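**Student:** What follows is a structure written as structure tokens; I'll ask about it next.
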Amino acid sequence: MNKDLWLNGLKIAQTWDVSSKENSVVVYSISFQPTSVNREKAFAYVQKYPGNILIEHTECGAKLVELGFESTKTFTKDEVQTVWSEASRRFIAAASGNVTAFVDGADPRSVFCTVELPNILQNKKITTVNGIDKFLFAKQLEK
């Protein structure tokens with residue numbers, strides 16, 4: 001691993017712009033899953049409904065992808081997860097209104113379950129996930 005590159009990625013995750021408009025944030029969960037179906041659905045949704053945004057479309061996320069944080073060829077899974085967890089935490093902290101989530105089969109260890117969902121529940125500016133009360137959404141995920 002290139003420690004300087006990883007530290008640079010972490011700094012980008014901690015500081016670069018992750019802002020979004022109200023009701024525009026789209027998230028997905030693919031960590032520990034055998035396919036990237038949720039990611040594909042999220043990207044298709046954003047393409048169909050312009051104005052919605054994935055973390056990869058923020059200044060921060062685009063730079064992380066450019067630096068190679070989208071794959072584990074350059075970095076370990078833990079290194080990738082650490083950087084995206086920080087960027088995701090900030091992305092959710094900046095969100096408001098409804099969040100659209102493609103999280104079928106989300107693994108309890110995923111960035112969505114460990115970082116995004118807890119921060120969605122804590123963010124008073126986020127009211128719903130997929131159009132339903134965020135707390136009800138979270139309860140349904142537990143099943």
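Residue names in the structure tokens use chain letters A, B, ... in the order shown, residue numbers from 1 in each chain, and ligand numbers from 1 in the order shown.
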Which residues are near A:Ser31? Cut-off 9 Å, only C-alpha atoms, ignore same chain within fewer than 3 positions. Put them as a ChimeraX atom specification.
**Tutor:** /A:34,36,81,106-107,109-112
**Student:** Excluding A:Ile12 and its own-chain neighbours fewer than 3 positions away, which residues fall within 9 Å of it when counting only C-alpha atoms? Please give them as a short mmCIF file (atom, residue, chain, number, x, y, z; two decimals) with N, CA and C atoms, in the first residue's frame.
**Tutor:**
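To be explicit, this is the file written out as around00.cif:
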data_model
loop_
_atom_site.label_atom_id
_atom_site.label_comp_id
_atom_site.auth_asym_id
_atom_site.auth_seq_id
_atom_site.Cartn_x
_atom_site.Cartn_y
_atom_site.Cartn_z
N LEU A 7 -3.36 8.11 3.04
CA LEU A 7 -3.56 9.26 3.94
C LEU A 7 -4.17 10.43 3.20
N ASN A 8 -3.77 10.63 1.95
CA ASN A 8 -4.37 11.69 1.13
C ASN A 8 -5.86 11.40 0.90
N GLY A 9 -6.18 10.14 0.62
CA GLY A 9 -7.58 9.75 0.44
C GLY A 9 -8.39 9.99 1.70
N THR A 15 -12.53 16.12 4.32
CA THR A 15 -12.61 17.57 4.08
C THR A 15 -13.29 18.01 2.79
N TRP A 16 -13.27 17.23 1.75
CA TRP A 16 -13.80 17.69 0.47
C TRP A 16 -15.34 17.72 0.50
N ASP A 17 -15.90 18.48 -0.41
CA ASP A 17 -17.34 18.74 -0.46
C ASP A 17 -18.17 17.47 -0.70
N CYS A 60 -15.90 15.14 -3.35
CA CYS A 60 -15.14 14.20 -2.53
C CYS A 60 -15.13 12.80 -3.14
N GLY A 61 -16.31 12.27 -3.42
CA GLY A 61 -16.41 10.92 -3.96
C GLY A 61 -15.75 10.74 -5.31
N LYS A 63 -13.20 12.35 -6.48
CA LYS A 63 -11.75 12.32 -6.29
C LYS A 63 -11.29 10.99 -5.72
N LEU A 64 -12.06 10.43 -4.78
CA LEU A 64 -11.70 9.13 -4.21
C LEU A 64 -11.73 8.04 -5.29
N VAL A 83 -11.86 4.77 4.44
CA VAL A 83 -11.98 6.03 3.70
C VAL A 83 -13.44 6.30 3.33
N ALA A 87 -16.17 9.39 4.41
CA ALA A 87 -16.88 10.19 3.40
C ALA A 87 -18.39 10.00 3.52
#
**Student:** Restricting the calculation to only C-alpha atoms, which member of A:Val18, A:Leu121, A:Leu10, A:Ala94 is positioned closest to A:Ile55?
**Tutor:**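 The answer is A:Val18, which sits nearest to A:Ile55.
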**Student:** Between A:Ser24, A:Gln14, A:Ser29, A:Asn2, which is the closest to A:Pro108 once you count only C-alpha atoms?
**Tutor:**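 Smallest distance to A:Pro108 is found for A:Ser29.
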**Student:** If you run DSSP over the backbone, which residues in chain A end up strand (DSSP E or B)? Put them as number ranges by chain.
**Tutor:** A: 25-28, 50, 52-53, 97-102, 126-129, 132-133
**Student:** What lies within 10 Å of A:Val27 using only C-alpha atoms, ignoring chain neighbours under 3 positions off, as number ranges by chain?
**Tutor:** A: 38-39, 42-43, 53-55, 88, 91-92, 99-103, 112, 116-117
**Student:** Here is a test: counting only C-alpha atoms, which residue of A:Thr76, A:Ala13, A:Phe32, A:Lys139 is nearest to A:Ala62?
**Tutor:**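 The closest residue to A:Ala62 is A:Ala13.
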**Student:** I want to know what sits within 10 Å of A:Gly51, based on only C-alpha atoms, with residues of the same chain fewer than 4 positions away left out; could you give that as an NGL selection string?
**Tutor:** :A and (20-25 or 46-47)
**Student:** So that I have them on file, write out the residues from the current selection with N, CA, C and O atoms, as a short mmCIF file (atom, residue, chain, number, x, y, z; two decimals), in the first residue's frame.
**Tutor:**
data_model
loop_
_atom_site.label_atom_id
_atom_site.label_comp_id
_atom_site.auth_asym_id
_atom_site.auth_seq_id
_atom_site.Cartn_x
_atom_site.Cartn_y
_atom_site.Cartn_z
N SER A 20 -25.34 18.16 -0.80
CA SER A 20 -26.42 17.70 -1.67
C SER A 20 -27.65 18.58 -1.45
O SER A 20 -27.77 19.25 -0.43
N LYS A 21 -28.56 18.53 -2.41
CA LYS A 21 -29.83 19.24 -2.27
C LYS A 21 -30.80 18.38 -1.46
O LYS A 21 -30.64 17.16 -1.37
N GLU A 22 -31.81 19.01 -0.90
CA GLU A 22 -32.83 18.28 -0.14
C GLU A 22 -33.46 17.20 -1.02
O GLU A 22 -33.70 17.41 -2.21
N ASN A 23 -33.72 16.05 -0.43
CA ASN A 23 -34.39 14.92 -1.09
C ASN A 23 -33.59 14.33 -2.26
O ASN A 23 -34.18 13.71 -3.14
N SER A 24 -32.29 14.51 -2.29
CA SER A 24 -31.52 14.08 -3.46
C SER A 24 -30.53 12.94 -3.20
O SER A 24 -30.00 12.37 -4.14
N VAL A 25 -30.28 12.61 -1.94
CA VAL A 25 -29.25 11.62 -1.62
C VAL A 25 -29.72 10.20 -1.92
O VAL A 25 -30.82 9.80 -1.53
N VAL A 46 -30.31 7.15 -10.36
CA VAL A 46 -29.78 8.51 -10.50
C VAL A 46 -29.78 8.94 -11.97
O VAL A 46 -30.05 10.10 -12.28
N GLN A 47 -29.52 8.00 -12.86
CA GLN A 47 -29.55 8.33 -14.29
C GLN A 47 -30.97 8.63 -14.74
O GLN A 47 -31.20 9.55 -15.53
#
**Student:** Select, from A:Leu67, A:Ala138, A:Cys113, A:Leu5, the residue with the minimum atom-to-atom distance to A:Tyr28, counting only C-alpha atoms.
**Tutor:**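 Among the listed residues, the smallest separation from A:Tyr28 belongs to A:Cys113.
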